[in-house]
>>> print(open('upload10.cif').read())   # mmCIF, C-alpha atoms
data_input
#
loop_
_atom_site.label_atom_id
_atom_site.label_comp_id
_atom_site.auth_asym_id
_atom_site.auth_seq_id
_atom_site.Cartn_x
_atom_site.Cartn_y
_atom_site.Cartn_z
CA MET A 18 -14.44 -9.13 -1.72
CA ASN A 19 -13.68 -6.98 -4.74
CA LEU A 20 -10.13 -6.13 -5.84
CA LEU A 21 -10.02 -2.76 -4.03
CA GLU A 22 -11.33 -4.23 -0.77
CA GLN A 23 -8.92 -7.15 -1.08
CA THR A 24 -6.00 -4.76 -1.64
CA ARG A 25 -6.98 -2.67 1.38
CA PHE A 26 -7.34 -5.83 3.45
CA LEU A 27 -3.87 -7.10 2.47
CA LEU A 28 -2.32 -3.71 3.21
CA ARG A 29 -4.10 -3.64 6.57
CA ILE A 30 -2.99 -7.08 7.73
CA THR A 31 0.61 -6.35 6.74
CA ARG A 32 0.37 -2.80 8.13
CA THR A 33 2.00 -1.42 5.00
CA HIS A 34 -0.33 1.57 4.37
CA ASP A 35 2.22 3.94 5.83
CA ILE A 36 5.14 2.37 3.95
CA MET A 37 3.31 2.85 0.66
CA ARG A 38 2.42 6.44 1.51
CA ARG A 39 6.02 7.15 2.49
CA TYR A 40 7.32 5.65 -0.75
CA PHE A 41 4.82 7.73 -2.74
CA VAL A 42 5.91 10.99 -1.13
CA VAL A 43 9.66 10.27 -1.09
CA ASN A 44 9.86 9.11 -4.69
CA GLY A 45 7.32 11.67 -5.89
CA PHE A 46 9.51 14.34 -4.32
CA ASP A 47 12.54 12.79 -6.05
CA GLY A 48 10.75 12.96 -9.39
CA ALA A 49 9.66 16.56 -8.95
CA LEU A 50 13.08 17.77 -7.80
CA THR A 51 14.87 15.87 -10.58
CA MET A 52 12.65 17.47 -13.22
CA LEU A 53 13.05 20.87 -11.57
CA GLY A 54 16.82 20.41 -11.58
CA LEU A 55 16.93 19.33 -15.22
CA ILE A 56 14.69 22.15 -16.42
CA ILE A 57 16.60 24.82 -14.48
CA GLY A 58 19.79 23.27 -15.85
CA PHE A 59 18.44 23.79 -19.36
CA LEU A 60 17.32 27.33 -18.47
CA VAL A 61 20.82 28.33 -17.34
CA SER A 62 22.40 26.56 -20.30
CA GLY A 63 20.78 28.86 -22.83
CA ALA A 64 18.94 27.92 -26.01
CA THR A 65 18.25 24.22 -26.41
CA GLY A 66 15.63 22.58 -28.63
CA LEU A 67 12.39 21.63 -26.89
CA SER A 68 12.51 18.10 -28.25
CA VAL A 69 15.98 17.60 -26.75
CA ILE A 70 14.77 18.87 -23.36
CA ILE A 71 11.68 16.63 -23.49
CA ASN A 72 13.74 13.57 -24.43
CA VAL A 73 16.28 14.17 -21.66
CA CYS A 74 13.53 14.74 -19.07
CA LEU A 75 11.51 11.74 -20.31
CA GLY A 76 14.61 9.57 -20.12
CA ALA A 77 15.20 10.65 -16.54
CA ALA A 78 11.49 10.16 -15.66
CA ILE A 79 11.44 6.62 -17.09
CA ALA A 80 14.70 5.76 -15.33
CA LEU A 81 13.25 7.05 -12.04
CA GLY A 82 10.11 4.98 -12.59
CA VAL A 83 11.98 1.76 -13.39
CA SER A 84 14.42 2.36 -10.56
CA GLY A 85 11.50 2.96 -8.18
CA VAL A 86 9.72 -0.25 -9.19
CA SER A 87 12.79 -2.49 -9.13
CA SER A 88 14.40 -1.20 -5.93
CA ALA A 89 11.16 -1.23 -3.94
CA TYR A 90 10.21 -4.68 -5.23
CA VAL A 91 13.52 -6.27 -4.27
CA SER A 92 13.57 -4.73 -0.81
CA GLU A 93 9.87 -5.32 -0.08
CA VAL A 94 9.98 -8.98 -1.17
CA ALA A 95 12.80 -9.49 1.34
CA GLU A 96 10.93 -7.59 4.07
CA ARG A 97 7.62 -9.42 3.51
CA LYS A 98 9.36 -12.82 3.40
CA ARG A 99 11.08 -12.05 6.67
CA ALA A 100 7.81 -10.89 8.28
CA LEU A 101 5.97 -14.00 7.02
CA GLY A 102 8.72 -16.28 8.31
CA LYS A 103 8.55 -14.61 11.72
CA LEU A 104 4.78 -15.04 11.81
CA GLU A 105 5.03 -18.67 10.70
CA ASP A 106 7.51 -19.32 13.52
CA ALA A 107 5.10 -17.79 16.03
CA MET A 108 2.10 -19.69 14.64
CA ILE A 109 4.11 -22.91 14.10
CA THR A 110 2.26 -23.36 10.80
CA ASP A 111 2.69 -22.82 7.08
CA LEU A 112 0.94 -19.58 6.08
CA ARG A 113 1.67 -19.69 2.33
CA ASP A 114 -1.97 -20.37 1.44
CA SER A 115 -3.42 -17.87 3.91
CA ALA A 116 -4.13 -14.17 3.45
CA HIS A 117 -0.70 -13.49 4.98
CA GLY A 118 0.98 -15.61 2.29
CA GLU A 119 -1.01 -13.83 -0.40
CA ALA A 120 0.00 -10.49 1.10
CA ALA A 121 3.67 -11.50 1.15
CA ARG A 122 3.44 -12.14 -2.61
CA GLY A 123 1.16 -9.26 -3.66
CA VAL A 124 2.05 -6.35 -1.40
CA PRO A 125 5.67 -5.99 -2.63
CA LEU A 126 4.40 -5.68 -6.20
CA LEU A 127 1.84 -3.06 -5.19
CA ILE A 128 4.37 -1.03 -3.21
CA ALA A 129 6.85 -1.30 -6.09
CA LEU A 130 4.26 0.00 -8.57
CA VAL A 131 3.43 2.96 -6.32
CA ASN A 132 7.13 3.65 -5.82
CA GLY A 133 7.73 3.69 -9.57
CA PHE A 134 4.48 5.39 -10.53
CA ALA A 135 4.94 8.38 -8.20
CA PRO A 136 8.09 9.89 -9.81
CA LEU A 137 6.96 8.95 -13.32
CA ALA A 138 3.50 10.50 -12.98
CA ILE A 139 4.79 13.65 -11.27
CA SER A 140 7.53 14.04 -13.90
CA LEU A 141 5.02 13.67 -16.72
CA LEU A 142 2.78 16.33 -15.17
CA ILE A 143 5.75 18.70 -15.01
CA LEU A 144 6.57 18.00 -18.66
CA ILE A 145 3.04 18.85 -19.89
CA PRO A 146 3.89 22.48 -20.87
CA LEU A 147 6.97 21.32 -22.78
CA MET A 148 5.02 18.64 -24.64
CA ALA A 149 2.16 21.06 -25.33
CA ALA A 150 4.54 23.67 -26.73
CA ASN A 151 6.32 21.02 -28.77
CA ALA A 152 2.95 19.90 -30.17
CA GLY A 153 2.27 23.44 -31.39
CA PHE A 154 0.13 24.85 -28.58
CA VAL A 155 0.87 28.50 -27.85
CA LEU A 156 1.41 29.08 -24.11
CA PRO A 157 1.14 32.51 -22.42
CA VAL A 158 4.54 31.96 -20.77
CA SER A 159 7.73 30.15 -21.75
CA PRO A 160 7.13 26.37 -21.49
CA LEU A 161 10.25 25.98 -19.36
CA TYR A 162 9.01 28.53 -16.81
CA ALA A 163 5.54 26.94 -16.90
CA ALA A 164 7.15 23.55 -16.17
CA VAL A 165 9.10 25.08 -13.27
CA ALA A 166 5.85 26.56 -11.91
CA ILE A 167 4.10 23.16 -12.12
CA ALA A 168 7.07 21.50 -10.39
CA LEU A 169 6.93 24.05 -7.56
CA LEU A 170 3.16 23.61 -7.27
CA LEU A 171 3.44 19.81 -7.08
CA ILE A 172 6.22 20.03 -4.51
CA PHE A 173 4.03 22.39 -2.46
CA LEU A 174 1.11 19.93 -2.76
CA LEU A 175 3.32 17.05 -1.58
CA GLY A 176 4.11 19.17 1.46
CA VAL A 177 0.40 19.85 1.98
CA PHE A 178 -0.23 16.08 1.78
CA LEU A 179 2.50 15.43 4.38
CA GLY A 180 1.01 18.14 6.60
CA SER A 181 -2.42 16.53 6.43
CA ILE A 182 -0.91 13.13 7.39
CA ALA A 183 1.00 14.59 10.33
CA GLY A 184 -2.02 16.67 11.41
CA VAL A 185 0.01 19.90 11.35
CA SER A 186 -0.57 23.11 9.42
CA TRP A 187 -0.86 22.21 5.72
CA LEU A 188 0.35 25.69 4.75
CA ARG A 189 3.48 25.47 6.90
CA SER A 190 4.25 21.97 5.63
CA GLY A 191 3.68 23.05 2.02
CA ILE A 192 5.94 26.07 2.44
CA GLN A 193 8.65 23.87 4.00
CA THR A 194 8.82 21.58 0.97
CA LEU A 195 8.60 24.60 -1.33
CA LEU A 196 11.63 26.10 0.43
CA VAL A 197 13.57 22.88 -0.29
CA ALA A 198 12.70 23.27 -3.97
CA ILE A 199 13.72 26.94 -3.95
CA LEU A 200 17.00 26.04 -2.23
CA THR A 201 17.60 23.38 -4.91
CA ALA A 202 16.94 25.92 -7.66
CA ALA A 203 19.27 28.45 -5.97
CA LEU A 204 22.06 25.85 -5.72
CA ILE A 205 21.68 24.99 -9.40
CA TYR A 206 21.82 28.68 -10.38
CA LEU A 207 24.87 29.04 -8.14
CA PHE A 208 26.87 26.09 -9.41
CA ALA A 209 25.60 25.51 -12.97
CA GLY A 210 25.71 27.60 -16.10
CA TYR A 211 29.46 27.95 -16.50
CA MET B 22 -28.74 -36.50 9.17
CA VAL B 23 -27.07 -34.79 12.13
CA LEU B 24 -26.97 -31.00 12.19
CA VAL B 25 -24.22 -29.07 13.99
CA LYS B 26 -25.83 -26.28 16.01
CA ARG B 27 -23.00 -24.92 18.11
CA LEU B 28 -19.21 -25.11 18.19
CA VAL B 29 -16.73 -23.71 20.69
CA LEU B 30 -13.29 -23.52 19.13
CA ASP B 31 -9.85 -22.72 20.48
CA VAL B 32 -8.03 -20.76 17.80
CA LEU B 33 -4.56 -19.23 17.52
CA LYS B 34 -4.27 -16.34 15.08
CA PRO B 35 -1.88 -13.50 14.13
CA HIS B 36 -2.79 -10.02 15.47
CA GLN B 37 -4.00 -9.06 12.02
CA PRO B 38 -6.76 -9.34 10.89
CA ASN B 39 -8.30 -8.28 14.17
CA ALA B 40 -10.93 -10.26 16.11
CA LEU B 41 -13.79 -8.39 14.43
CA GLU B 42 -12.61 -9.10 10.87
CA PHE B 43 -11.80 -12.65 11.86
CA SER B 44 -15.29 -13.23 13.29
CA GLN B 45 -16.91 -11.62 10.24
CA ALA B 46 -14.98 -13.95 7.94
CA ILE B 47 -16.15 -16.99 9.92
CA ALA B 48 -19.74 -15.72 9.92
CA LYS B 49 -19.55 -15.37 6.12
CA ALA B 50 -18.96 -19.13 5.88
CA GLY B 51 -22.70 -19.61 6.43
CA GLY B 52 -25.80 -17.54 5.91
CA ASP B 53 -27.12 -17.56 9.46
CA TYR B 54 -24.02 -18.05 11.57
CA ARG B 55 -23.75 -16.16 14.82
CA VAL B 56 -20.16 -15.80 15.99
CA CYS B 57 -19.02 -14.76 19.43
CA THR B 58 -15.27 -14.31 19.87
CA THR B 59 -13.34 -13.81 23.09
CA VAL B 60 -9.64 -12.94 23.10
CA LEU B 61 -8.16 -15.12 25.82
CA GLU B 62 -4.49 -14.32 25.50
CA VAL B 63 -2.29 -11.87 23.61
CA ASP B 64 1.34 -12.69 22.83
CA GLU B 65 3.97 -10.77 20.86
CA ASN B 66 2.79 -11.98 17.44
CA THR B 67 -0.32 -14.03 18.14
CA GLU B 68 -3.66 -14.10 19.95
CA THR B 69 -5.54 -17.04 21.39
CA LEU B 70 -9.29 -16.85 20.82
CA GLN B 71 -12.33 -18.72 21.97
CA VAL B 72 -14.72 -18.70 19.02
CA VAL B 73 -18.33 -19.71 19.54
CA VAL B 74 -20.21 -20.40 16.30
CA GLU B 75 -23.97 -20.93 16.34
CA GLY B 76 -26.21 -21.73 13.41
CA ASP B 77 -28.94 -24.03 12.14
CA ALA B 78 -26.54 -26.27 10.23
CA ILE B 79 -22.88 -25.34 10.69
CA ASN B 80 -20.53 -26.49 7.97
CA PHE B 81 -17.40 -27.27 9.98
CA ASP B 82 -15.13 -27.51 6.92
CA ALA B 83 -16.19 -24.04 5.77
CA VAL B 84 -15.55 -22.61 9.25
CA GLN B 85 -12.13 -24.27 9.41
CA SER B 86 -11.29 -23.02 5.94
CA GLY B 87 -12.34 -19.47 6.94
CA ILE B 88 -10.00 -19.66 9.93
CA SER B 89 -7.00 -20.94 7.97
CA ASP B 90 -7.57 -18.50 5.09
CA LEU B 91 -6.96 -15.67 7.54
CA GLY B 92 -3.83 -17.28 8.92
CA GLY B 93 -5.50 -18.80 11.98
CA SER B 94 -4.87 -22.25 13.34
CA LEU B 95 -7.59 -24.38 14.95
CA HIS B 96 -6.13 -25.87 18.13
CA SER B 97 -9.12 -27.72 19.50
CA ILE B 98 -12.86 -28.18 19.40
CA ASP B 99 -13.85 -27.54 23.02
CA GLU B 100 -17.63 -27.87 22.85
CA VAL B 101 -20.07 -29.25 20.30
CA GLU B 102 -23.85 -29.19 20.11
CA VAL B 103 -25.46 -31.32 17.43
CA GLN B 104 -29.03 -32.30 16.69
CA GLY B 105 -30.27 -35.36 14.85
CA GLU B 106 -33.04 -34.91 12.31
CA PRO B 107 -35.93 -37.38 12.50
CA GLN B 108 -35.86 -39.84 9.58
CA ALA B 109 -38.60 -39.20 7.01
CA GLY B 110 -41.20 -42.00 6.58
#
>>> encode(input="upload10.cif", output="structure tokens")
Amino acid sequence: MNLLEQTRFLLRITRTHDIMRRYFVVNGFDGALTMLGLIIGFLVSGATGLSVIINVCLGAAIALGVSGVSSAYVSEVAERKRALGKLEDAMITDLRDSAHGEAARGVPLLIALVNGFAPLAISLLILIPLMAANAGFVLPVSPLYAAVAIALLLIFLLGVFLGSIAGVSWLRSGIQTLLVAILTAALIYLFAGY
Amino acid sequence: MVLVKRLVLDVLKPHQPNALEFSQAIAKAGGDYRVCTTVLEVDENTETLQVVVEGDAINFDAVQSGISDLGGSLHSIDEVEVQGEPQAG
């Protein structure tokens, strides 16, 4: 069994596919909305250097990533240990050396990596226009507005992904998540900038 | 040398992996193994299976290892069919 097949197998026997997917969407959404909030905050604040904006956003993205990895790892280790203990009680045997024991050790790490990777990767995608402009590339629009557009697009795509999982209209689901992002932006414009 | 041709095993296993994956893993223990699995009982967390393994020369240790690797527990060997090989010379 190669590594990918083994990973799929361990996720299947622990029935954690859906947990991992949920973590990806929830924390990915967190990352996108945090970046959107920061960038709109900078937009309403007036002129700020690009490097300052990038550093602030990168700092937040890294913190989200580390927070995602550590929080998911701690909670999933506890959950998997509990599930393994319950199974061992039912089987009246030690399962540490079985596939279930391996899953109890490996699956929390995998889920933690997904949970940390999702906000970090989505944040980095949103920051591409800012980094490109900072590196000297000339963009047709302001890098901040381009970053906002990418954030909105990614949030829409997360909604589309959720729609495809639920088997409902992808467009409706995408628009729903987009409306959340627009509401967030409206709230920031309403309360920030003083 | 005595060759094991057929084994009927009573096995307790968790619900996952399912009976198909479980049987496939046992079959992989040998090149020509034929495995027939019947789910006898389903409880909240476990299933009791009757596993029939047939082959030209079954390696019992490999079968047992395949079962325990997937979290199963061999409860009993219910039937055995073995065949002695005629001594050369």
>>> interface_residues(input="upload10.cif", of="chain A", to="chain B", cutoff="8 Å", atoms="only C-alpha atoms", output="list in words")
Arg29, Ile30, Thr31, Leu104, Ala107, Met108, Thr110, Leu112, Asp114, Ser115, Ala116 and His117 of chain A
>>> write_last_selection(input="upload10.cif", atoms="C-alpha atoms", output="mmCIF file, in the coordinates of the input")
data_model
loop_
_atom_site.group_PDB
_atom_site.id
_atom_site.type_symbol
_atom_site.label_atom_id
_atom_site.label_comp_id
_atom_site.auth_asym_id
_atom_site.auth_seq_id
_atom_site.Cartn_x
_atom_site.Cartn_y
_atom_site.Cartn_z
ATOM 1 C CA ARG A 29 -4.100 -3.640 6.570
ATOM 2 C CA ILE A 30 -2.990 -7.080 7.730
ATOM 3 C CA THR A 31 0.610 -6.350 6.740
ATOM 4 C CA LEU A 104 4.780 -15.040 11.810
ATOM 5 C CA ALA A 107 5.100 -17.790 16.030
ATOM 6 C CA MET A 108 2.100 -19.690 14.640
ATOM 7 C CA THR A 110 2.260 -23.360 10.800
ATOM 8 C CA LEU A 112 0.940 -19.580 6.080
ATOM 9 C CA ASP A 114 -1.970 -20.370 1.440
ATOM 10 C CA SER A 115 -3.420 -17.870 3.910
ATOM 11 C CA ALA A 116 -4.130 -14.170 3.450
ATOM 12 C CA HIS A 117 -0.700 -13.490 4.980
#
>>> resolve_selection(input="upload10.cif", expression="the PyMOL selection byres ((chain B and resi 100) around 6)", output="VMD selection string")
chain B and resid 28 to 29 98 to 99 101
>>> resolve_selection(input="upload10.cif", expression="the PyMOL selection byres ((chain A and resi 129-134) around 8)", output="ChimeraX atom specification")
/A:37,40-41,44,81-90,93,125-128,135-138
>>> atom_distance(input="upload10.cif", atom1="atom CA of Gly184 of chain A", atom2="atom CA of Asp35 of chain A")
14.5 Å
>>> resolve_selection(input="upload10.cif", expression="the PyMOL selection byres ((chain A and resi 161-175) around 7)", output="ChimeraX atom specification")
/A:42,46,49,53,56,143-144,146-147,158-160,176-179,191-192,194-195,198
>>> residues_around(input="upload10.cif", residues="Leu41 of chain B", least_positions_apart="5", cutoff="12 Å", atoms="all atoms listed in the file", output="JSON, numbers by chain")
{"B": [36, 46, 47, 48, 56, 57, 58, 59, 60, 70, 72]}
>>> atom_distance(input="upload10.cif", atom1="atom CA of Ile79 of chain B", atom2="atom CA of Gln45 of chain B")
15.0 Å
>>> atom_distance(input="upload10.cif", atom1="atom CA of Leu75 of chain A", atom2="atom CA of Leu60 of chain A")
16.7 Å
>>> closest_residue(input="upload10.cif", among="A:Ile57, A:Ile109, A:Arg32, A:Gln193", to="Leu207 of chain A", atoms="only C-alpha atoms")
A:Ile57
>>> residues_around(input="upload10.cif", residues="His96 of chain B", least_positions_apart="6", cutoff="9 Å", atoms="all atoms listed in the file", output="tab-separated table (two decimals) with C-alpha atoms, in the coordinates of the input")
chain	number	residue	atom	x	y	z
B	30	LEU	CA	-13.29	-23.52	19.13
B	31	ASP	CA	-9.85	-22.72	20.48
B	32	VAL	CA	-8.03	-20.76	17.80
B	33	LEU	CA	-4.56	-19.23	17.52
>>> residues_near_point(input="upload10.cif", point="(-19.8, -30.3, 11.6)", cutoff="7 Å", atoms="all atoms listed in the file", output="list in words")
Val25, Ile79, Asn80 and Phe81 of chain B
>>> build_atoms(input="upload10.cif", residues="segment 57-75 of chain B", atoms="N, CA and C atoms", output="PDB file, in the frame of the given file")
ATOM      1  N   CYS B  57     -19.403 -15.517  18.238  1.00  0.00           N
ATOM      2  CA  CYS B  57     -19.020 -14.760  19.430  1.00  0.00           C
ATOM      3  C   CYS B  57     -17.566 -15.086  19.736  1.00  0.00           C
ATOM      4  N   THR B  58     -16.710 -14.071  19.699  1.00  0.00           N
ATOM      5  CA  THR B  58     -15.270 -14.310  19.870  1.00  0.00           C
ATOM      6  C   THR B  58     -14.746 -13.635  21.136  1.00  0.00           C
ATOM      7  N   THR B  59     -13.966 -14.367  21.887  1.00  0.00           N
ATOM      8  CA  THR B  59     -13.340 -13.810  23.090  1.00  0.00           C
ATOM      9  C   THR B  59     -11.831 -13.963  22.949  1.00  0.00           C
ATOM     10  N   VAL B  60     -11.113 -12.865  23.135  1.00  0.00           N
ATOM     11  CA  VAL B  60      -9.640 -12.940  23.100  1.00  0.00           C
ATOM     12  C   VAL B  60      -9.187 -13.386  24.483  1.00  0.00           C
ATOM     13  N   LEU B  61      -8.552 -14.555  24.527  1.00  0.00           N
ATOM     14  CA  LEU B  61      -8.160 -15.120  25.820  1.00  0.00           C
ATOM     15  C   LEU B  61      -6.743 -14.717  26.218  1.00  0.00           C
ATOM     16  N   GLU B  62      -5.889 -14.583  25.199  1.00  0.00           N
ATOM     17  CA  GLU B  62      -4.490 -14.320  25.500  1.00  0.00           C
ATOM     18  C   GLU B  62      -3.845 -13.563  24.334  1.00  0.00           C
ATOM     19  N   VAL B  63      -2.996 -12.617  24.658  1.00  0.00           N
ATOM     20  CA  VAL B  63      -2.290 -11.870  23.610  1.00  0.00           C
ATOM     21  C   VAL B  63      -0.794 -12.043  23.804  1.00  0.00           C
ATOM     22  N   ASP B  64      -0.120 -12.572  22.776  1.00  0.00           N
ATOM     23  CA  ASP B  64       1.340 -12.690  22.830  1.00  0.00           C
ATOM     24  C   ASP B  64       1.959 -11.663  21.880  1.00  0.00           C
ATOM     25  N   GLU B  65       3.273 -11.765  21.688  1.00  0.00           N
ATOM     26  CA  GLU B  65       3.970 -10.770  20.860  1.00  0.00           C
ATOM     27  C   GLU B  65       3.432 -10.740  19.427  1.00  0.00           C
ATOM     28  N   ASN B  66       3.232 -11.923  18.846  1.00  0.00           N
ATOM     29  CA  ASN B  66       2.790 -11.980  17.440  1.00  0.00           C
ATOM     30  C   ASN B  66       1.436 -12.634  17.250  1.00  0.00           C
ATOM     31  N   THR B  67       0.905 -13.245  18.299  1.00  0.00           N
ATOM     32  CA  THR B  67      -0.320 -14.030  18.140  1.00  0.00           C
ATOM     33  C   THR B  67      -1.359 -13.738  19.226  1.00  0.00           C
ATOM     34  N   GLU B  68      -2.573 -14.207  18.970  1.00  0.00           N
ATOM     35  CA  GLU B  68      -3.660 -14.100  19.950  1.00  0.00           C
ATOM     36  C   GLU B  68      -4.345 -15.453  20.034  1.00  0.00           C
ATOM     37  N   THR B  69      -4.750 -15.830  21.231  1.00  0.00           N
ATOM     38  CA  THR B  69      -5.540 -17.040  21.390  1.00  0.00           C
ATOM     39  C   THR B  69      -7.007 -16.626  21.587  1.00  0.00           C
ATOM     40  N   LEU B  70      -7.869 -17.224  20.784  1.00  0.00           N
ATOM     41  CA  LEU B  70      -9.290 -16.850  20.820  1.00  0.00           C
ATOM     42  C   LEU B  70     -10.160 -18.040  21.194  1.00  0.00           C
ATOM     43  N   GLN B  71     -11.271 -17.731  21.848  1.00  0.00           N
ATOM     44  CA  GLN B  71     -12.330 -18.720  21.970  1.00  0.00           C
ATOM     45  C   GLN B  71     -13.431 -18.244  21.021  1.00  0.00           C
ATOM     46  N   VAL B  72     -13.723 -19.076  20.030  1.00  0.00           N
ATOM     47  CA  VAL B  72     -14.720 -18.700  19.020  1.00  0.00           C
ATOM     48  C   VAL B  72     -15.946 -19.595  19.173  1.00  0.00           C
ATOM     49  N   VAL B  73     -17.076 -18.957  19.427  1.00  0.00           N
ATOM     50  CA  VAL B  73     -18.330 -19.710  19.540  1.00  0.00           C
ATOM     51  C   VAL B  73     -19.135 -19.460  18.271  1.00  0.00           C
ATOM     52  N   VAL B  74     -19.442 -20.528  17.545  1.00  0.00           N
ATOM     53  CA  VAL B  74     -20.210 -20.400  16.300  1.00  0.00           C
ATOM     54  C   VAL B  74     -21.560 -21.086  16.506  1.00  0.00           C
ATOM     55  N   GLU B  75     -22.630 -20.353  16.213  1.00  0.00           N
ATOM     56  CA  GLU B  75     -23.970 -20.930  16.340  1.00  0.00           C
ATOM     57  C   GLU B  75     -24.697 -20.775  15.013  1.00  0.00           C
TER      58      GLU B  75
END
